[in-house]
$ cat run.txt   # compact mmCIF, C-alpha atoms
# COMPACT_ATOMS: atom_id res chain seq x y z
CA MET M 1 33.65 29.59 -9.21
CA SER M 2 31.17 27.54 -11.25
CA TRP M 3 28.12 26.04 -9.54
CA SER M 4 29.52 22.61 -10.44
CA GLU M 5 32.65 23.40 -8.38
CA LEU M 6 30.93 24.08 -5.07
CA LEU M 7 32.59 22.36 -2.14
CA PRO M 8 31.09 18.94 -1.22
CA GLU M 9 30.69 20.12 2.39
CA LEU M 10 28.55 23.06 1.24
CA LEU M 11 26.49 20.84 -1.07
CA ALA M 12 25.84 18.44 1.83
CA VAL M 13 24.55 21.31 3.99
CA ILE M 14 22.19 22.38 1.20
CA ALA M 15 20.96 18.82 0.60
CA ARG M 16 20.13 18.35 4.28
CA LYS M 17 17.81 21.37 4.17
CA LEU M 18 15.64 19.95 1.38
CA VAL M 19 12.21 18.93 2.65
CA GLU M 20 10.65 17.26 -0.41
CA PRO M 21 11.83 14.01 -2.05
CA GLY M 22 11.32 15.60 -5.47
CA ASP M 23 13.71 18.45 -4.57
CA TYR M 24 16.32 15.96 -3.43
CA VAL M 25 16.07 14.00 -6.69
CA ARG M 26 16.40 17.21 -8.75
CA PHE M 27 19.41 18.20 -6.64
CA ARG M 28 21.16 14.92 -7.50
CA PHE M 29 20.43 15.31 -11.20
CA VAL M 30 22.18 18.69 -11.51
CA CYS M 31 25.58 17.16 -12.24
CA SER M 32 27.93 14.37 -11.17
CA SER M 33 29.66 16.46 -8.49
CA TRP M 34 26.35 17.31 -6.80
CA ARG M 35 25.31 13.67 -6.94
CA SER M 36 28.65 12.52 -5.52
CA ALA M 37 28.30 14.94 -2.62
CA THR M 38 25.21 13.04 -1.42
CA ASN M 39 26.46 9.46 -1.91
CA SER M 40 27.58 9.09 1.70
CA LEU M 41 25.10 11.56 3.11
CA CYS M 42 22.77 10.45 5.87
CA ILE M 43 19.45 11.43 4.36
CA PRO M 44 17.19 13.29 6.80
CA PRO M 45 13.58 12.17 7.15
CA PHE M 46 11.28 13.94 4.74
CA VAL M 47 7.72 15.03 5.37
CA LYS M 48 5.92 11.72 5.07
CA ILE M 49 3.09 12.13 2.57
CA PRO M 50 2.35 9.41 0.02
CA TRP M 51 2.81 9.94 -3.70
CA LEU M 52 0.40 8.61 -6.28
CA ILE M 53 1.18 6.23 -9.14
CA LEU M 54 -1.11 7.21 -11.99
CA PRO M 55 -2.56 4.86 -14.61
CA SER M 56 -0.57 5.17 -17.84
CA ASP M 57 -0.67 3.78 -21.35
CA PRO M 58 0.82 0.26 -20.92
CA SER M 59 2.48 0.46 -24.36
CA SER M 60 4.66 3.34 -23.13
CA SER M 61 7.82 2.88 -21.06
CA PHE M 62 7.11 6.20 -19.33
CA ARG M 63 5.13 6.27 -16.09
CA ASN M 64 3.52 9.21 -14.28
CA LEU M 65 3.61 10.10 -10.58
CA TYR M 66 1.82 12.79 -8.62
CA SER M 67 3.07 14.49 -5.45
CA TYR M 68 0.22 15.68 -3.24
CA SER M 69 2.43 17.91 -1.08
CA GLU M 70 3.85 19.73 -4.12
CA ASP M 71 0.69 19.43 -6.24
CA ARG M 72 2.98 18.47 -9.09
CA PHE M 73 3.37 15.71 -11.68
CA TYR M 74 6.56 13.71 -12.20
CA GLY M 75 7.56 10.99 -14.60
CA PHE M 76 10.07 8.18 -14.69
CA GLN M 77 11.32 5.72 -17.26
CA LEU M 78 10.86 2.02 -16.67
CA PRO M 79 14.04 -0.07 -17.00
CA ASP M 80 14.36 -1.98 -20.27
CA CYS M 81 13.56 -5.31 -18.63
CA ALA M 82 10.22 -3.93 -17.38
CA HIS M 83 8.99 -2.42 -20.65
CA GLY M 84 5.48 -3.54 -21.45
CA SER M 85 4.48 -3.58 -17.80
CA ASN M 86 0.86 -2.59 -17.48
CA ILE M 87 0.19 -2.67 -13.73
CA ILE M 88 2.16 -0.95 -10.97
CA HIS M 89 1.35 -1.22 -7.26
CA GLY M 90 2.70 0.99 -4.48
CA SER M 91 3.92 0.05 -1.02
CA THR M 92 4.93 1.52 2.33
CA SER M 93 8.64 0.99 1.70
CA GLY M 94 9.36 3.10 -1.39
CA TRP M 95 9.39 0.17 -3.79
CA LEU M 96 6.94 -0.31 -6.65
CA LEU M 97 5.80 -3.78 -7.68
CA VAL M 98 5.57 -3.92 -11.47
CA SER M 99 3.59 -6.66 -13.23
CA ARG M 100 4.44 -7.42 -16.84
CA GLY M 101 2.46 -9.34 -19.44
CA ASP M 102 4.89 -12.29 -19.39
CA TRP M 103 3.97 -12.91 -15.72
CA ASN M 104 7.20 -11.57 -14.28
CA LEU M 105 7.37 -9.21 -11.32
CA TYR M 106 9.88 -6.40 -10.94
CA LEU M 107 10.80 -4.17 -8.02
CA ILE M 108 11.62 -0.55 -8.88
CA ASN M 109 12.46 2.47 -6.75
CA PRO M 110 11.57 5.51 -8.92
CA PHE M 111 13.72 7.78 -6.74
CA SER M 112 16.84 5.77 -7.40
CA PRO M 113 17.72 5.77 -11.11
CA ASN M 114 20.28 3.02 -10.59
CA SER M 115 18.02 0.81 -8.50
CA PHE M 116 18.40 -2.85 -9.30
CA THR M 117 15.27 -4.63 -10.50
CA SER M 118 14.49 -8.02 -9.07
CA GLU M 119 12.74 -10.44 -11.41
CA ASN M 120 10.61 -13.20 -9.94
CA ARG M 121 8.79 -15.67 -12.17
CA LEU M 122 5.57 -16.47 -10.36
CA GLY M 123 3.48 -18.26 -12.97
CA SER M 124 -0.26 -17.78 -13.09
CA ILE M 125 -0.55 -15.92 -9.76
CA CYS M 126 0.99 -12.93 -11.53
CA ALA M 127 -1.27 -12.99 -14.59
CA SER M 128 -1.31 -9.63 -16.36
CA ASN M 129 -5.11 -9.28 -16.13
CA VAL M 130 -4.99 -9.23 -12.31
CA ARG M 131 -5.48 -5.53 -11.61
CA TYR M 132 -5.72 -5.49 -7.85
CA ARG M 133 -2.73 -6.52 -5.76
CA SER M 134 -1.98 -5.78 -2.15
CA TRP M 135 1.60 -6.42 -1.15
CA ASP M 136 4.51 -5.44 1.05
CA LEU M 137 7.98 -6.74 1.75
CA SER M 138 10.32 -7.48 4.61
CA PRO M 139 14.10 -7.74 4.23
CA SER M 140 13.68 -11.40 3.28
CA ILE M 141 10.28 -11.97 1.67
CA ILE M 142 7.62 -10.38 -0.53
CA VAL M 143 4.05 -11.12 0.49
CA THR M 144 1.36 -10.45 -2.08
CA THR M 145 -2.27 -11.22 -2.84
CA SER M 146 -4.12 -10.70 -6.10
CA TYR M 147 -7.59 -10.92 -7.56
CA LYS M 148 -9.41 -9.71 -10.65
CA ASP M 149 -12.29 -7.84 -9.05
CA TYR M 150 -11.75 -5.22 -6.35
CA LYS M 151 -15.26 -5.99 -5.06
CA ASP M 152 -14.29 -9.56 -4.20
CA PRO M 153 -10.96 -9.54 -2.36
CA LYS M 154 -9.80 -12.34 -0.09
CA PHE M 155 -6.92 -10.58 1.63
CA LYS M 156 -6.07 -6.88 1.60
CA ASN M 157 -4.10 -4.15 3.37
CA ILE M 158 -0.89 -6.14 3.61
CA THR M 159 1.44 -3.99 5.73
CA TYR M 160 4.91 -4.90 6.99
CA TYR M 161 5.91 -3.10 10.16
CA ASP M 162 8.53 -3.76 12.82
CA GLY M 163 9.08 -7.41 11.93
CA TYR M 164 5.47 -8.41 11.25
CA PHE M 165 3.00 -8.57 8.38
CA TYR M 166 -0.51 -7.29 9.13
CA VAL M 167 -3.10 -8.70 6.73
CA VAL M 168 -6.86 -8.13 6.60
CA TRP M 169 -8.76 -11.32 5.79
CA GLU M 170 -11.65 -9.71 3.96
CA LYS M 171 -14.08 -12.62 4.13
CA GLU M 172 -14.17 -12.81 7.93
CA ARG M 173 -12.70 -9.35 8.60
CA HIS M 174 -10.09 -10.95 10.81
CA ILE M 175 -6.58 -9.48 10.97
CA LEU M 176 -3.73 -11.96 10.62
CA ILE M 177 -0.37 -11.02 12.12
CA CYS M 178 2.56 -13.08 10.80
CA ASN M 179 6.30 -12.93 11.22
CA ASP M 180 8.54 -12.77 8.16
CA ARG M 181 8.49 -16.57 7.97
CA LEU M 182 4.73 -16.26 7.61
CA HIS M 183 4.06 -18.04 10.89
CA MET M 184 0.90 -16.57 12.34
CA VAL M 185 1.59 -15.08 15.78
CA ALA M 186 -1.77 -13.43 16.45
CA LEU M 187 -5.32 -13.24 15.15
CA ILE M 188 -7.48 -10.19 15.83
CA TYR M 189 -11.24 -10.59 15.53
CA PRO M 190 -13.42 -7.75 14.23
CA PRO M 191 -15.32 -5.64 16.78
CA SER M 192 -18.21 -7.74 18.13
CA GLU M 193 -20.77 -4.93 17.88
CA VAL M 194 -20.40 -4.64 14.07
CA ARG M 195 -19.02 -8.07 13.16
CA ASP M 196 -22.06 -9.20 11.15
CA LYS M 197 -22.76 -5.79 9.58
CA ILE M 198 -19.42 -4.92 7.96
CA PHE M 199 -19.51 -4.18 4.23
CA THR M 200 -15.82 -3.39 3.89
CA ALA M 201 -12.91 -2.71 6.24
CA ASP M 202 -9.35 -1.35 6.09
CA LEU M 203 -6.43 -1.39 8.50
CA ALA M 204 -3.95 1.42 9.19
CA VAL M 205 -0.78 0.50 11.11
CA SER M 206 1.33 2.99 13.07
CA PRO M 207 4.25 2.58 15.50
CA ASP M 208 1.96 2.35 18.54
CA GLU M 209 -1.57 1.97 17.21
CA LEU M 210 -3.87 0.07 14.90
CA PHE M 211 -6.91 1.73 13.33
CA PHE M 212 -9.68 -0.43 11.89
CA LEU M 213 -11.81 1.57 9.44
CA VAL M 214 -15.26 0.09 8.88
CA ARG M 215 -18.09 0.75 6.47
CA LEU M 216 -21.32 -0.94 7.44
CA GLN M 217 -23.82 -2.43 5.02
CA GLY M 218 -26.23 0.16 3.65
CA CYS M 219 -23.96 3.10 4.55
CA ASN M 220 -23.28 5.65 1.79
CA LEU M 221 -20.24 7.18 3.49
CA PRO M 222 -16.68 5.97 2.80
CA TYR M 223 -16.50 4.81 6.45
CA SER M 224 -18.99 4.74 9.28
CA HIS M 225 -16.91 3.60 12.29
CA ILE M 226 -13.30 3.75 13.53
CA PHE M 227 -11.89 1.28 16.03
CA TRP M 228 -8.58 1.61 17.86
CA MET M 229 -6.14 -0.80 19.50
CA ASP M 230 -2.72 -0.44 21.11
CA ARG M 231 -0.37 -2.28 18.77
CA HIS M 232 1.79 -3.46 21.66
CA GLU M 233 -1.17 -5.13 23.40
CA VAL M 234 -2.32 -7.29 20.50
CA ALA M 235 -0.98 -10.47 22.11
CA THR M 236 -3.03 -9.86 25.27
CA GLY M 237 -6.32 -10.45 23.47
CA LYS M 238 -7.53 -6.94 24.12
CA GLU M 239 -10.59 -5.97 22.07
CA TRP M 240 -11.14 -2.99 19.80
CA THR M 241 -12.25 0.37 21.24
CA GLU M 242 -14.51 2.54 19.12
CA VAL M 243 -13.22 6.11 18.72
CA THR M 244 -14.59 9.21 17.04
CA GLY M 245 -11.54 9.96 14.93
CA ILE M 246 -7.81 9.62 14.35
CA GLY M 247 -6.73 12.85 16.04
CA TYR M 248 -4.16 15.14 14.45
CA ARG M 249 -3.49 12.70 11.65
CA ALA M 250 -4.76 11.82 8.20
CA ILE M 251 -5.04 8.53 6.33
CA PHE M 252 -4.40 8.03 2.63
CA VAL M 253 -6.40 5.09 1.28
CA ASP M 254 -6.55 3.34 -2.06
CA TYR M 255 -8.19 0.06 -3.03
CA LEU M 256 -5.64 -1.97 -1.05
CA HIS M 257 -3.49 0.26 1.18
CA CYS M 258 -3.71 2.62 4.15
CA PHE M 259 -1.05 5.21 5.03
CA LEU M 260 -1.32 7.00 8.38
CA VAL M 261 0.48 10.38 8.38
CA GLU M 262 0.71 13.49 10.52
CA ALA M 263 -1.67 16.35 9.70
CA GLY M 264 -1.26 20.04 10.32
CA GLU M 265 0.65 23.03 8.99
CA ALA M 266 3.83 21.09 8.19
CA THR M 267 2.01 18.73 5.84
CA GLY M 268 -0.87 20.88 4.67
CA LEU M 269 -3.32 18.12 5.55
CA THR M 270 -6.56 18.49 7.46
CA LYS M 271 -6.62 16.52 10.71
CA ASN M 272 -9.02 13.63 11.22
CA CYS M 273 -9.54 13.14 7.48
CA ILE M 274 -9.22 10.34 4.95
CA TYR M 275 -7.83 11.10 1.50
CA SER M 276 -8.63 8.89 -1.47
CA VAL M 277 -8.74 9.09 -5.27
CA ILE M 278 -11.94 8.86 -7.27
CA SER M 279 -12.38 8.84 -11.05
CA LYS M 280 -15.03 10.37 -13.28
CA PRO M 281 -15.61 10.53 -17.04
CA SER M 282 -14.06 13.67 -18.49
CA SER M 283 -16.54 16.50 -19.02
CA ASP M 284 -15.01 17.22 -22.44
CA ASN M 285 -14.67 13.63 -23.66
CA PRO M 286 -16.64 10.79 -22.02
CA THR M 287 -14.14 8.22 -23.37
CA MET M 288 -11.46 9.81 -21.16
CA LYS M 289 -11.18 9.38 -17.40
CA SER M 290 -10.20 12.12 -14.93
CA PHE M 291 -9.02 11.72 -11.33
CA TYR M 292 -9.77 13.72 -8.19
CA ILE M 293 -8.70 13.77 -4.53
CA GLN M 294 -11.63 13.16 -2.19
CA GLN M 295 -11.41 14.22 1.46
CA PHE M 296 -13.68 12.57 4.02
CA ASN M 297 -13.82 14.40 7.36
CA PHE M 298 -14.67 12.33 10.43
CA ASP M 299 -15.59 15.45 12.41
CA ASP M 300 -18.73 16.20 10.43
CA LYS M 301 -18.92 13.10 8.16
CA SER M 302 -18.59 15.30 5.06
CA CYS M 303 -17.01 14.49 1.69
CA GLN M 304 -15.50 17.08 -0.60
CA ILE M 305 -13.25 17.26 -3.64
CA VAL M 306 -9.88 18.88 -2.89
CA GLU M 307 -8.88 21.35 -5.59
CA ARG M 308 -5.62 19.96 -6.97
CA LYS M 309 -3.89 19.75 -10.33
CA LEU M 310 -4.55 16.02 -10.34
CA SER M 311 -7.90 16.78 -11.97
CA GLN M 312 -5.97 17.86 -15.09
CA TYR M 313 -4.70 14.33 -15.64
CA GLU M 314 -6.73 12.27 -18.11
CA ILE M 315 -6.34 8.86 -19.67
CA GLY M 316 -8.41 6.92 -22.16
CA ASP M 317 -10.82 4.59 -20.39
CA SER M 318 -9.96 1.75 -22.80
CA THR M 319 -6.21 2.00 -22.04
CA CYS M 320 -6.59 2.37 -18.26
CA THR M 321 -5.50 -1.08 -17.09
CA SER M 322 -4.85 -0.19 -13.44
CA GLU M 323 -6.08 2.01 -10.63
CA PRO M 324 -4.24 4.92 -8.94
CA SER M 325 -2.08 3.60 -6.13
CA TRP M 326 -0.47 5.46 -3.23
CA PHE M 327 3.12 4.71 -2.22
CA MET M 328 5.41 6.18 0.40
CA PRO M 329 8.53 7.64 -1.31
CA CYS M 330 11.83 6.51 0.10
CA LEU M 331 15.21 7.75 -1.12
CA GLU M 332 17.03 5.09 0.82
CA SER M 333 15.04 1.87 0.86
CA LYS M 334 15.11 -0.09 4.08
CA ASN M 335 16.40 -2.98 1.97
CA THR M 336 19.29 -1.04 0.42
CA ARG M 337 21.84 1.19 2.08
CA ARG M 338 23.38 2.67 -1.08
CA GLU M 339 21.65 3.08 -4.38
CA ASN M 340 24.33 1.07 -6.21
CA ASP M 341 23.92 -1.94 -3.95
CA LEU M 342 22.12 -4.84 -5.55
CA VAL M 343 18.73 -5.63 -4.10
CA PRO M 344 18.74 -9.20 -2.77
CA ARG M 345 16.44 -11.73 -4.43
CA TRP M 346 13.52 -11.91 -2.06
CA GLY M 347 11.49 -15.02 -1.63
CA VAL M 348 7.90 -14.52 -2.79
CA THR M 349 4.69 -15.92 -1.39
CA THR M 350 1.03 -15.24 -2.11
CA PHE M 351 -2.15 -15.22 -0.06
CA CYS M 352 -4.78 -16.71 -2.37
$ encode --input "run.txt" --output "structure tokens"
Amino acid sequence: MSWSELLPELLAVIARKLVEPGDYVRFRFVCSSWRSATNSLCIPPFVKIPWLILPSDPSSSFRNLYSYSEDRFYGFQLPDCAHGSNIIHGSTSGWLLVSRGDWNLYLINPFSPNSFTSENRLGSICASNVRYRSWDLSPSIIVTTSYKDYKDPKFKNITYYDGYFYVVWEKERHILICNDRLHMVALIYPPSEVRDKIFTADLAVSPDELFFLVRLQGCNLPYSHIFWMDRHEVATGKEWTEVTGIGYRAIFVDYLHCFLVEAGEATGLTKNCIYSVISKPSSDNPTMKSFYIQQFNFDDKSCQIVERKLSQYEIGDSTCTSEPSWFMPCLESKNTRRENDLVPRWGVTTFC
């Protein structure tokens, strides 16, 4: 019997034992019979570790991804309608928001080769020179914010979870909580003891908890304080509680997102740590830029570079039009049930 003639029932058993999204994608690309065997398969949850979208030459239709858990590079081809796109932003839902020079936005799922792309003409708020964009989406609306300088954001860390958008208002460090009609249902004030000393802040959302990561003015560490709140008690007006860490978890952070994941042997992550990407001029060619994973440990407040193959990736500084961006891979988007279904045309709004 040829490998292409294996019984669909056997192929389904094999597919369910795959633990990495990349392995599942390779499985489906073997042949049409292997792909067909997974069309109606209930996909098991994978180990939840974000992937990284790497800056690429905007003139190329090819884009590069990096899997931290596999320490491996991947690539995918942009659809024809999105060629020329120079900025790609990740999200918590598996979708990538692609900005093109003609001010159109596209939604692409790199793990679904037949994913439908949704085009939304947004005028000047989607200008191609806007490099920094926080965004997320509900089943009915895309919420996004954009600005030209990462040092001067207005809103950041837009996260959709369980029917609500959580948005950090950077100017006042307030957290806005809105439903998917963008009606504000709650406003969380920053911790009173550091309210006037915050240099920057980020928000990580989990099923039961909120973590407010704070860096105070004059501090040289990535973060100096962590504050915790029960997500289900937000409406009661309860204040933040300062904690010493995030427990047996890790947080992946980029310039606009936070992803809270489990740490330990199953994920290969160190508990109570924050993972981010930093860039440095290449040692061989100062016109090239290299990227590294930085790990900040809350236990001893130490920073170190994690030895990964990511450091082998280089791009010309003059062609680097975007920053690395984490996204959570999803083989079955929460907005699509089958990869051949058309993605509905979401409404789009922007925090300015």
$ closest_residue --input "run.txt" --among "M:Gln304, M:Ser91, M:Ser56, M:Ser33" --to "Lys289 in chain M" --atoms "all atoms listed in the file"
M:Ser56
$ residues_near_point --input "run.txt" --point "(-1.1, 6.6, 11.3)" --cutoff "7 Å" --atoms "only C-alpha atoms" --output "PyMOL selection string"
chain M and resi 204-206+249+251+259-261
$ atom_distance --input "run.txt" --atom1 "CA of Trp228 in chain M" --atom2 "CA of Phe211 in chain M"
4.8 Å
$ closest_residue --input "run.txt" --among "M:Ser192, M:Cys258, M:Cys219, M:Ala263" --to "Glu239 in chain M" --atoms "all atoms listed in the file"
M:Ser192
$ residues_around --input "run.txt" --residues "Ser36 in chain M" --least-positions-apart "6" --cutoff "10 Å" --atoms "all atoms listed in the file" --output "ChimeraX atom specification"
/M:8,11-12,28
$ atom_distance --input "run.txt" --atom1 "CA of Arg215 in chain M" --atom2 "CA of Ile246 in chain M"
15.7 Å
$ closest_residue --input "run.txt" --among "M:Ser59, M:Asn297, M:Thr236, M:Asn157" --to "Tyr223 in chain M" --atoms "all atoms listed in the file"
M:Asn297
$ residues_around --input "run.txt" --residues "Tyr189 in chain M" --least-positions-apart "4" --cutoff "10 Å" --atoms "only C-alpha atoms" --output "list in words"
Glu172, Arg173, His174, Ile175, Leu176, Arg195, Gly237, Glu239 and Trp240 of chain M
